[in-house]
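Peer 1: First, the structure itself, so that you have it in front of you.
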2 protein chains.
Amino acid sequence: MFFMRSINTPDTFPPRSHAAKRQSILDAGARVFYQEGFAGANIDMIAAEAGVSRQTVYNNYGDKEKLFAAVVGEITERCNARAFAVLGTFPDRPRNLEADLVAFALRFNSNCTCDRDGKFLRKLIQSEGARHPELFASWRTEGPGKVWSALAARFARLAFAGFLDVDDPDIAARQFLALINMELQLPAMFGETLSEEDFVLSTRRAVRTFLRAYGRRDGLAPEMAETALQA
Amino acid sequence: MFFMRSINTPDTFPPRSHAAKRQSILDAGARVFYQEGFAGANIDMIAAEAGVSRQTVYNNYGDKEKLFAAVVGEITERCNARAFAVLGTFPDRPRNLEADLVAFALRFNSNCTCDRDGKFLRKLIQSEGARHPELFASWRTEGPGKVWSALAARFARLAFAGFLDVDDPDIAARQFLALINMELQLPAMFGETLSEEDFVLSTRRAVRTFLRAYGRRDGLAPEMAETALQA
DNA sequence: GACGAATTGGACAAGTCCGTCTAAAAATAT
DNA sequence: ATATTTTTAGACGGACTTGTCCAATTCGTC
């Protein structure tokens with residue numbers, strides 16, 4: 001029993017290195033800022049959550065504001081990196097277009113928009129974005145700015161290969177994201193999570209609607225598309 | 001010059017009634033809570049914004065928490081009332097389906113989701129919803145709970161009359177809203193507003209995608225639908 | 001084992017904010 | 001005009017936070 005630190009933090013009794021402590025401060029900061037907002041969070045909570053003295057927080061990050069910036073920066077980076085990793089799994093030559101897009105949408109949501117980092121950013125940007133726009137500037141250029149156009153490029157490729165009928169790939173990409181995120185927003189606002197089945201079901205319906213709008217209207221079969229891709 | 005009260009509040013020199021003061025406290029509370037969040041807002045700001053002494057705030061609402069609840073309650077009511085008013089203008093017998101849906105979407109957004117009350121609720125629910133779920137419970141049942149199904153009913157009617165090909169009106173309604181709100185979310189997070197042209201343009205594209213997904217695929221003309229409705 | 005660096009716990013000043021109280025001023029009703 | 005109620009400005013206590021300081025302790029490394 002003597003090696004018990006805190007209730008909510010993983011038990012890290014064997015003393016951590018300097019770097020490990022820096023990291024647990026960031027993690028604790030993320031948790032507390034997420035729940036309490038910037039104004040509501042206090043350094044003592046964060047220090048306790050991180051299993052560290054308050055002074056160590058100040059030694060490492062100097063300031064509540066600077067700590068917040070560090071947390072936002074780290075999470076922005078992680079979030080964008082993960083988004084691009086998932087973008088790499090976009091189906092370029094789908095064997096079953098609908099199923100492949102559903103799988104991709106599920107991956108994208110559960111790894112990017114629905115995970116802890118994604119929820120953190122959405123909530124914090126919503127509540128602090130207007131007050132500290134500089135803080136989220138890098139998220140904005142790297143996140144929506146690049147992810148959207150990268151996704152648009154993948155849709156354009158799919159359209160060129162004959163799988164889709166897309167006039168404006170940028171719009172299509174954004175509408176795709178809007179549709180697959182639809183059901184997640186309201187529960188996220190209340191800190192709830194969708195059940196796995198509802199999650200899959202709503203994603204299926206989103207992709208189906210997307211394909212009804214952007215699927216090919218002429219009678220071209222996917223086989224034709226294969227040959228078109230090779231040309 | 002002697003009749004100057006505050007910089008940001010409308011000049012209301014002729015003394016206001018009790019009710020008028022109660023109202024300006026609510027309005028000021030909405031503004032301040034919106035910008036600063038619950039934890040960041042302080043009563044002195046609100047009193048100053050309302051052109052009222054701090055004590056009057058306490059006399060009328062007793063408590064910061066109770067004032068917040070009152071503000072949320074009032075705005076929820078206004079917001080839902082306006083949403084249902086706009087829902088009443090849904091095109092039941094469209095002469096031009098696309099144009100009528102665009103007009104409806106523009107009305108809905110600018111009067112409900114995009115106006116001050118709508119932005120207030122979205123932001124506050126995002127930042128305080130997880131902490132005070134009871135506060136927003138009435139918004140949730142009256143807002144999304146009823147607006148969505150009312151909109152679904154209108155779409156169902158449109159489908160029955162032959163204008164649309166809708167399998168699940170509930171999903172269609174939610175997807176319609178997701179599409180027409182798409183471009184508004186990101187700017188709203190940073191306190192920016194879309195230009196009027198971009199607003200209209202994005203609404204047009206949303207409705208077009210919606211109609212590509214839910215428009216009739218067989219060759220039935222809207223004239224046929226008219227006769228079907230009368231039967 | 002010993003040395004320098006990092007960490008701890010707690011005390012501390014300064015500031016903020018909530019909610020209460022009071023006496024004077026203003027508004028309202030009679 | 002007078003009595004009653006509301007409003008105002010300001011002071012106040014208490015609680016909470018931020019950020020600094022410091023002496024004692026622990027850690028990493030030689």
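Labeling convention for the structure tokens: chains A, B, ... as they appear, residues from 1 per chain, ligands from 1 in order of appearance.
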What are the closest atom pairs, with distances in Å to one decimal, for each residue of chain C lying within 10 Å of chain B, using only C-alpha atoms (C1' of nucleotides), rows by chain and rising residue number, as JSON lines?
Peer 2:
{"residue": "C:DT16", "atom": "C1'", "partner": "B:Asn42", "partner_atom": "CA", "distance": 9.9}
{"residue": "C:DC17", "atom": "C1'", "partner": "B:Asn42", "partner_atom": "CA", "distance": 7.2}
{"residue": "C:DC18", "atom": "C1'", "partner": "B:Ile43", "partner_atom": "CA", "distance": 8.4}
{"residue": "C:DG19", "atom": "C1'", "partner": "B:Asp63", "partner_atom": "CA", "distance": 8.2}
{"residue": "C:DT20", "atom": "C1'", "partner": "B:Gln55", "partner_atom": "CA", "distance": 9.5}
{"residue": "C:DA27", "atom": "C1'", "partner": "B:Pro15", "partner_atom": "CA", "distance": 8.7}
Peer 1: Which neighbours of DA23 in chain D fall inside 12 Å, counting only C-alpha atoms (C1' of nucleotides), when residues of the same chain fewer than 3 positions from it are skipped, and could you give them as a ChimeraX atom specification?
Peer 2: /C:8-11
Peer 1: Name the residues in contact with DT8 in chain D at a cut-off of 12 Å, using only C-alpha atoms (C1' of nucleotides), excluding same-chain residues fewer than 5 positions from it; report them as a ChimeraX atom specification.
Peer 2: /B:47,51-57 /C:22-27
Peer 1: Can you write just those residues out, N, CA and C atoms (P, O5', C5', C4', C3', O3' and C1' of nucleotides), as a PDB file, in the first residue's frame?
Peer 2:
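And here's result32.pdb as it stands now:
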ATOM      1  N   ALA B  47     -22.234  42.826 -14.108  1.00  0.00           N
ATOM      2  CA  ALA B  47     -22.953  43.984 -13.581  1.00  0.00           C
ATOM      3  C   ALA B  47     -22.603  45.229 -14.383  1.00  0.00           C
ATOM      4  N   GLY B  51     -24.941  47.598 -16.777  1.00  0.00           N
ATOM      5  CA  GLY B  51     -25.192  48.935 -16.273  1.00  0.00           C
ATOM      6  C   GLY B  51     -25.976  48.915 -14.972  1.00  0.00           C
ATOM      7  N   VAL B  52     -25.529  48.066 -14.065  1.00  0.00           N
ATOM      8  CA  VAL B  52     -26.281  47.756 -12.850  1.00  0.00           C
ATOM      9  C   VAL B  52     -25.274  47.468 -11.756  1.00  0.00           C
ATOM     10  N   SER B  53     -25.649  47.668 -10.519  1.00  0.00           N
ATOM     11  CA  SER B  53     -24.694  47.378  -9.451  1.00  0.00           C
ATOM     12  C   SER B  53     -24.635  45.881  -9.182  1.00  0.00           C
ATOM     13  N   ARG B  54     -23.505  45.456  -8.618  1.00  0.00           N
ATOM     14  CA  ARG B  54     -23.342  44.030  -8.357  1.00  0.00           C
ATOM     15  C   ARG B  54     -24.456  43.505  -7.457  1.00  0.00           C
ATOM     16  N   GLN B  55     -24.803  44.304  -6.492  1.00  0.00           N
ATOM     17  CA  GLN B  55     -25.824  43.866  -5.550  1.00  0.00           C
ATOM     18  C   GLN B  55     -27.138  43.543  -6.258  1.00  0.00           C
ATOM     19  N   THR B  56     -27.475  44.320  -7.255  1.00  0.00           N
ATOM     20  CA  THR B  56     -28.714  44.080  -7.994  1.00  0.00           C
ATOM     21  C   THR B  56     -28.688  42.723  -8.673  1.00  0.00           C
ATOM     22  N   VAL B  57     -27.532  42.358  -9.169  1.00  0.00           N
ATOM     23  CA  VAL B  57     -27.409  41.031  -9.761  1.00  0.00           C
ATOM     24  C   VAL B  57     -27.744  39.970  -8.719  1.00  0.00           C
TER      25      VAL B  57
ATOM     26  P    DT C  22     -25.434  44.802   8.461  1.00  0.00           P
ATOM     27  O5'  DT C  22     -25.115  46.302   8.026  1.00  0.00           O
ATOM     28  C5'  DT C  22     -23.767  46.752   8.008  1.00  0.00           C
ATOM     29  C4'  DT C  22     -23.694  48.144   7.399  1.00  0.00           C
ATOM     30  C3'  DT C  22     -24.966  48.973   7.618  1.00  0.00           C
ATOM     31  O3'  DT C  22     -24.631  50.315   7.936  1.00  0.00           O
ATOM     32  C1'  DT C  22     -24.454  48.896   5.322  1.00  0.00           C
ATOM     33  P    DA C  23     -25.717  51.183   8.752  1.00  0.00           P
ATOM     34  O5'  DA C  23     -25.253  52.670   8.419  1.00  0.00           O
ATOM     35  C5'  DA C  23     -23.981  52.916   7.804  1.00  0.00           C
ATOM     36  C4'  DA C  23     -24.154  53.837   6.597  1.00  0.00           C
ATOM     37  C3'  DA C  23     -25.282  54.864   6.741  1.00  0.00           C
ATOM     38  O3'  DA C  23     -24.864  56.076   6.130  1.00  0.00           O
ATOM     39  C1'  DA C  23     -25.662  53.585   4.820  1.00  0.00           C
ATOM     40  P    DA C  24     -25.770  57.400   6.201  1.00  0.00           P
ATOM     41  O5'  DA C  24     -25.936  57.814   4.677  1.00  0.00           O
ATOM     42  C5'  DA C  24     -24.775  58.018   3.871  1.00  0.00           C
ATOM     43  C4'  DA C  24     -25.148  57.908   2.412  1.00  0.00           C
ATOM     44  C3'  DA C  24     -26.175  58.954   1.949  1.00  0.00           C
ATOM     45  O3'  DA C  24     -25.726  59.531   0.733  1.00  0.00           O
ATOM     46  C1'  DA C  24     -26.894  56.788   1.368  1.00  0.00           C
ATOM     47  P    DA C  25     -26.498  60.830   0.145  1.00  0.00           P
ATOM     48  O5'  DA C  25     -27.241  60.249  -1.136  1.00  0.00           O
ATOM     49  C5'  DA C  25     -26.478  59.633  -2.164  1.00  0.00           C
ATOM     50  C4'  DA C  25     -27.416  58.911  -3.118  1.00  0.00           C
ATOM     51  C3'  DA C  25     -28.511  59.800  -3.714  1.00  0.00           C
ATOM     52  O3'  DA C  25     -28.392  59.754  -5.124  1.00  0.00           O
ATOM     53  C1'  DA C  25     -29.417  57.768  -2.880  1.00  0.00           C
ATOM     54  P    DA C  26     -29.332  60.725  -6.029  1.00  0.00           P
ATOM     55  O5'  DA C  26     -30.400  59.695  -6.604  1.00  0.00           O
ATOM     56  C5'  DA C  26     -29.949  58.460  -7.156  1.00  0.00           C
ATOM     57  C4'  DA C  26     -31.130  57.530  -7.345  1.00  0.00           C
ATOM     58  C3'  DA C  26     -32.323  58.181  -8.056  1.00  0.00           C
ATOM     59  O3'  DA C  26     -32.550  57.467  -9.262  1.00  0.00           O
ATOM     60  C1'  DA C  26     -33.003  56.969  -6.122  1.00  0.00           C
ATOM     61  P    DA C  27     -33.675  57.984 -10.309  1.00  0.00           P
ATOM     62  O5'  DA C  27     -34.850  56.966  -9.981  1.00  0.00           O
ATOM     63  C5'  DA C  27     -34.581  55.577 -10.049  1.00  0.00           C
ATOM     64  C4'  DA C  27     -35.760  54.800  -9.493  1.00  0.00           C
ATOM     65  C3'  DA C  27     -37.108  55.138 -10.141  1.00  0.00           C
ATOM     66  O3'  DA C  27     -37.723  53.924 -10.539  1.00  0.00           O
ATOM     67  C1'  DA C  27     -37.268  55.217  -7.791  1.00  0.00           C
TER      68       DA C  27
END
Peer 1: Just need the residues of chain D within 9 Å of chain A, counting only C-alpha atoms (C1' of nucleotides), so spit them out as a PyMOL selection string.
Peer 2: chain D and resi 17-19+27
Peer 1: Output the selection as a PDB file, in the first residue's frame - all heavy atoms for each residue.
Peer 2:
ATOM      1  P    DT D  17      -8.523  26.871  -6.209  1.00  0.00           P
ATOM      2  OP1  DT D  17      -9.427  26.010  -6.960  1.00  0.00           O
ATOM      3  OP2  DT D  17      -7.544  26.294  -5.253  1.00  0.00           O
ATOM      4  O5'  DT D  17      -7.705  27.755  -7.264  1.00  0.00           O
ATOM      5  C5'  DT D  17      -7.351  29.066  -6.900  1.00  0.00           C
ATOM      6  C4'  DT D  17      -6.523  29.719  -7.980  1.00  0.00           C
ATOM      7  O4'  DT D  17      -6.032  30.945  -7.405  1.00  0.00           O
ATOM      8  C3'  DT D  17      -5.288  28.935  -8.395  1.00  0.00           C
ATOM      9  O3'  DT D  17      -4.958  29.216  -9.738  1.00  0.00           O
ATOM     10  C2'  DT D  17      -4.235  29.413  -7.418  1.00  0.00           C
ATOM     11  C1'  DT D  17      -4.651  30.851  -7.140  1.00  0.00           C
ATOM     12  N1   DT D  17      -4.417  31.226  -5.716  1.00  0.00           N
ATOM     13  C2   DT D  17      -3.851  32.444  -5.450  1.00  0.00           C
ATOM     14  O2   DT D  17      -3.551  33.234  -6.318  1.00  0.00           O
ATOM     15  N3   DT D  17      -3.648  32.683  -4.125  1.00  0.00           N
ATOM     16  C4   DT D  17      -3.943  31.858  -3.061  1.00  0.00           C
ATOM     17  O4   DT D  17      -3.708  32.199  -1.906  1.00  0.00           O
ATOM     18  C5   DT D  17      -4.544  30.597  -3.405  1.00  0.00           C
ATOM     19  C7   DT D  17      -4.920  29.632  -2.331  1.00  0.00           C
ATOM     20  C6   DT D  17      -4.752  30.349  -4.705  1.00  0.00           C
ATOM     21  P    DT D  18      -3.769  28.449 -10.435  1.00  0.00           P
ATOM     22  OP1  DT D  18      -4.363  27.827 -11.625  1.00  0.00           O
ATOM     23  OP2  DT D  18      -3.083  27.623  -9.440  1.00  0.00           O
ATOM     24  O5'  DT D  18      -2.749  29.572 -10.902  1.00  0.00           O
ATOM     25  C5'  DT D  18      -3.196  30.902 -11.105  1.00  0.00           C
ATOM     26  C4'  DT D  18      -2.067  31.886 -10.829  1.00  0.00           C
ATOM     27  O4'  DT D  18      -1.995  32.136  -9.406  1.00  0.00           O
ATOM     28  C3'  DT D  18      -0.689  31.393 -11.250  1.00  0.00           C
ATOM     29  O3'  DT D  18      -0.100  32.326 -12.132  1.00  0.00           O
ATOM     30  C2'  DT D  18       0.090  31.261  -9.930  1.00  0.00           C
ATOM     31  C1'  DT D  18      -0.655  32.203  -9.011  1.00  0.00           C
ATOM     32  N1   DT D  18      -0.589  31.845  -7.558  1.00  0.00           N
ATOM     33  C2   DT D  18      -0.066  32.756  -6.660  1.00  0.00           C
ATOM     34  O2   DT D  18       0.362  33.840  -6.992  1.00  0.00           O
ATOM     35  N3   DT D  18      -0.073  32.331  -5.354  1.00  0.00           N
ATOM     36  C4   DT D  18      -0.521  31.127  -4.855  1.00  0.00           C
ATOM     37  O4   DT D  18      -0.463  30.866  -3.659  1.00  0.00           O
ATOM     38  C5   DT D  18      -1.059  30.216  -5.850  1.00  0.00           C
ATOM     39  C7   DT D  18      -1.573  28.892  -5.417  1.00  0.00           C
ATOM     40  C6   DT D  18      -1.071  30.615  -7.135  1.00  0.00           C
ATOM     41  P    DG D  19       1.052  31.870 -13.155  1.00  0.00           P
ATOM     42  OP1  DG D  19       1.046  32.798 -14.296  1.00  0.00           O
ATOM     43  OP2  DG D  19       0.929  30.428 -13.376  1.00  0.00           O
ATOM     44  O5'  DG D  19       2.375  32.144 -12.316  1.00  0.00           O
ATOM     45  C5'  DG D  19       2.680  33.491 -11.984  1.00  0.00           C
ATOM     46  C4'  DG D  19       3.662  33.543 -10.844  1.00  0.00           C
ATOM     47  O4'  DG D  19       3.048  32.996  -9.647  1.00  0.00           O
ATOM     48  C3'  DG D  19       4.963  32.744 -11.044  1.00  0.00           C
ATOM     49  O3'  DG D  19       6.058  33.624 -10.903  1.00  0.00           O
ATOM     50  C2'  DG D  19       4.915  31.692  -9.949  1.00  0.00           C
ATOM     51  C1'  DG D  19       4.079  32.397  -8.900  1.00  0.00           C
ATOM     52  N9   DG D  19       3.496  31.513  -7.903  1.00  0.00           N
ATOM     53  C8   DG D  19       2.795  30.345  -8.117  1.00  0.00           C
ATOM     54  N7   DG D  19       2.407  29.764  -7.001  1.00  0.00           N
ATOM     55  C5   DG D  19       2.874  30.602  -6.003  1.00  0.00           C
ATOM     56  C6   DG D  19       2.754  30.496  -4.596  1.00  0.00           C
ATOM     57  O6   DG D  19       2.196  29.621  -3.937  1.00  0.00           O
ATOM     58  N1   DG D  19       3.374  31.558  -3.942  1.00  0.00           N
ATOM     59  C2   DG D  19       4.026  32.598  -4.572  1.00  0.00           C
ATOM     60  N2   DG D  19       4.563  33.529  -3.797  1.00  0.00           N
ATOM     61  N3   DG D  19       4.139  32.708  -5.894  1.00  0.00           N
ATOM     62  C4   DG D  19       3.544  31.681  -6.535  1.00  0.00           C
ATOM     63  P    DC D  27      14.875   8.856  -4.533  1.00  0.00           P
ATOM     64  OP1  DC D  27      13.664   8.197  -5.040  1.00  0.00           O
ATOM     65  OP2  DC D  27      15.832   8.137  -3.658  1.00  0.00           O
ATOM     66  O5'  DC D  27      15.677   9.441  -5.787  1.00  0.00           O
ATOM     67  C5'  DC D  27      15.042  10.360  -6.664  1.00  0.00           C
ATOM     68  C4'  DC D  27      16.036  10.861  -7.705  1.00  0.00           C
ATOM     69  O4'  DC D  27      17.014  11.678  -7.040  1.00  0.00           O
ATOM     70  C3'  DC D  27      16.789   9.747  -8.417  1.00  0.00           C
ATOM     71  O3'  DC D  27      16.534   9.829  -9.812  1.00  0.00           O
ATOM     72  C2'  DC D  27      18.266  10.001  -8.095  1.00  0.00           C
ATOM     73  C1'  DC D  27      18.287  11.434  -7.579  1.00  0.00           C
ATOM     74  N1   DC D  27      19.261  11.674  -6.465  1.00  0.00           N
ATOM     75  C2   DC D  27      20.284  12.626  -6.627  1.00  0.00           C
ATOM     76  O2   DC D  27      20.378  13.245  -7.688  1.00  0.00           O
ATOM     77  N3   DC D  27      21.147  12.847  -5.600  1.00  0.00           N
ATOM     78  C4   DC D  27      21.013  12.169  -4.461  1.00  0.00           C
ATOM     79  N4   DC D  27      21.884  12.417  -3.474  1.00  0.00           N
ATOM     80  C5   DC D  27      19.983  11.200  -4.279  1.00  0.00           C
ATOM     81  C6   DC D  27      19.132  10.985  -5.301  1.00  0.00           C
TER      82       DC D  27
END
Peer 1: For chain A, work out the contacting residues on chain B at 10 Å, counting only C-alpha atoms, and write them as a PyMOL selection string.
Peer 2: chain B and resi 34-41+122-133+136+140+144+168+171-172+174-183+185-192+202+205-206+208-215+217
Peer 1: If you run DSSP on the backbone here, which positions in range 133-194 of chain B get alpha helix (DSSP H)? Please write them as a VMD selection string.
Peer 2: chain B and resid 133 to 142 144 to 160 169 to 189
Peer 1: Would you put the residues from that selection into a file with C-alpha atoms, as a short mmCIF file (atom, residue, chain, number, x, y, z; two decimals), in the first residue's frame?
Peer 2:
data_model
loop_
_atom_site.label_atom_id
_atom_site.label_comp_id
_atom_site.auth_asym_id
_atom_site.auth_seq_id
_atom_site.Cartn_x
_atom_site.Cartn_y
_atom_site.Cartn_z
CA PRO B 133 -25.58 18.12 -17.81
CA GLU B 134 -28.82 19.00 -16.01
CA LEU B 135 -28.50 22.59 -17.16
CA PHE B 136 -28.66 21.64 -20.80
CA ALA B 137 -31.07 18.76 -20.44
CA SER B 138 -34.02 20.87 -21.48
CA TRP B 139 -32.12 22.18 -24.48
CA ARG B 140 -31.39 18.63 -25.48
CA THR B 141 -34.93 17.34 -25.32
CA GLU B 142 -36.50 20.45 -26.81
CA PRO B 144 -32.22 18.33 -31.10
CA GLY B 145 -34.84 15.97 -29.70
CA LYS B 146 -37.81 17.73 -31.26
CA VAL B 147 -36.35 19.81 -34.05
CA TRP B 148 -34.75 16.80 -35.65
CA SER B 149 -37.89 14.74 -35.65
CA ALA B 150 -40.00 17.67 -36.81
CA LEU B 151 -37.63 18.22 -39.71
CA ALA B 152 -37.72 14.49 -40.39
CA ALA B 153 -41.51 14.68 -40.60
CA ARG B 154 -41.28 17.43 -43.18
CA PHE B 155 -38.86 15.42 -45.26
CA ALA B 156 -41.10 12.39 -44.96
CA ARG B 157 -43.99 14.44 -46.26
CA LEU B 158 -41.89 15.64 -49.14
CA ALA B 159 -40.94 12.07 -49.92
CA PHE B 160 -44.53 10.89 -49.71
CA PRO B 169 -36.36 10.47 -42.83
CA ASP B 170 -34.67 10.79 -39.44
CA ILE B 171 -31.26 10.13 -40.88
CA ALA B 172 -31.97 12.29 -43.88
CA ALA B 173 -32.91 15.21 -41.65
CA ARG B 174 -29.76 14.92 -39.59
CA GLN B 175 -27.59 14.60 -42.65
CA PHE B 176 -29.27 17.64 -44.14
CA LEU B 177 -28.37 19.64 -41.05
CA ALA B 178 -24.85 18.26 -40.96
CA LEU B 179 -24.29 19.28 -44.57
CA ILE B 180 -25.64 22.79 -44.29
CA ASN B 181 -23.72 23.43 -41.07
CA MET B 182 -20.46 22.07 -42.32
CA GLU B 183 -18.68 25.26 -43.28
CA LEU B 184 -19.91 27.21 -40.30
CA GLN B 185 -18.28 25.19 -37.57
CA LEU B 186 -14.63 26.01 -37.98
CA PRO B 187 -15.03 29.79 -38.32
CA ALA B 188 -17.42 29.79 -35.38
CA MET B 189 -14.77 28.18 -33.20
#
Peer 1: If we count only C-alpha atoms (C1' of nucleotides) and set the cut-off at 7 Å, which residues sit around Val207 in chain A, ignoring sequence neighbours fewer than 3 positions away in its own chain? Please answer as a PyMOL selection string.
Peer 2: chain A and resi 98+101-102+203-204+210-211
Peer 1: Put those residues in a file: all heavy atoms, as a compact mmCIF listing (two decimals), in the first residue's frame.
Peer 2:
# COMPACT_ATOMS: atom_id res chain seq x y z
N GLU A 98 -17.82 0.68 -51.10
CA GLU A 98 -18.58 1.09 -49.92
C GLU A 98 -17.92 0.55 -48.65
O GLU A 98 -17.68 1.29 -47.69
CB GLU A 98 -20.02 0.60 -50.02
CG GLU A 98 -20.87 1.03 -48.85
CD GLU A 98 -22.36 0.93 -49.15
OE1 GLU A 98 -22.73 0.83 -50.34
OE2 GLU A 98 -23.15 0.98 -48.19
N LEU A 101 -14.64 2.32 -47.89
CA LEU A 101 -14.81 3.68 -47.38
C LEU A 101 -15.33 3.66 -45.94
O LEU A 101 -14.92 4.48 -45.12
CB LEU A 101 -15.78 4.47 -48.27
CG LEU A 101 -15.17 5.10 -49.51
CD1 LEU A 101 -16.21 5.91 -50.26
CD2 LEU A 101 -13.98 5.97 -49.14
N VAL A 102 -16.20 2.70 -45.64
CA VAL A 102 -16.68 2.58 -44.27
C VAL A 102 -15.52 2.27 -43.34
O VAL A 102 -15.36 2.88 -42.28
CB VAL A 102 -17.78 1.50 -44.15
CG1 VAL A 102 -18.06 1.16 -42.70
CG2 VAL A 102 -19.06 1.97 -44.83
N THR A 203 -21.82 5.31 -39.29
CA THR A 203 -20.80 5.45 -40.33
C THR A 203 -21.27 4.83 -41.63
O THR A 203 -21.10 5.40 -42.72
CB THR A 203 -19.49 4.80 -39.88
OG1 THR A 203 -19.09 5.35 -38.62
CG2 THR A 203 -18.39 5.03 -40.89
N ARG A 204 -21.88 3.66 -41.53
CA ARG A 204 -22.41 3.01 -42.74
C ARG A 204 -23.41 3.91 -43.44
O ARG A 204 -23.37 4.08 -44.66
CB ARG A 204 -23.13 1.71 -42.35
CG ARG A 204 -22.22 0.57 -42.11
CD ARG A 204 -22.70 -0.71 -42.79
NE ARG A 204 -21.83 -1.81 -42.41
CZ ARG A 204 -21.95 -2.49 -41.27
NH1 ARG A 204 -22.93 -2.19 -40.43
NH2 ARG A 204 -21.12 -3.46 -40.99
N PHE A 210 -23.16 9.37 -48.87
CA PHE A 210 -22.08 9.96 -49.66
C PHE A 210 -22.01 9.31 -51.04
O PHE A 210 -21.87 9.99 -52.05
CB PHE A 210 -20.75 9.79 -48.93
CG PHE A 210 -19.58 10.38 -49.65
CD1 PHE A 210 -19.32 11.75 -49.58
CD2 PHE A 210 -18.73 9.59 -50.40
CE1 PHE A 210 -18.25 12.30 -50.26
CE2 PHE A 210 -17.64 10.13 -51.07
CZ PHE A 210 -17.41 11.49 -51.00
N LEU A 211 -22.13 7.99 -51.06
CA LEU A 211 -22.02 7.29 -52.34
C LEU A 211 -23.26 7.51 -53.21
O LEU A 211 -23.17 7.49 -54.43
CB LEU A 211 -21.78 5.80 -52.10
CG LEU A 211 -20.36 5.47 -51.65
CD1 LEU A 211 -20.19 3.98 -51.47
CD2 LEU A 211 -19.34 6.02 -52.65
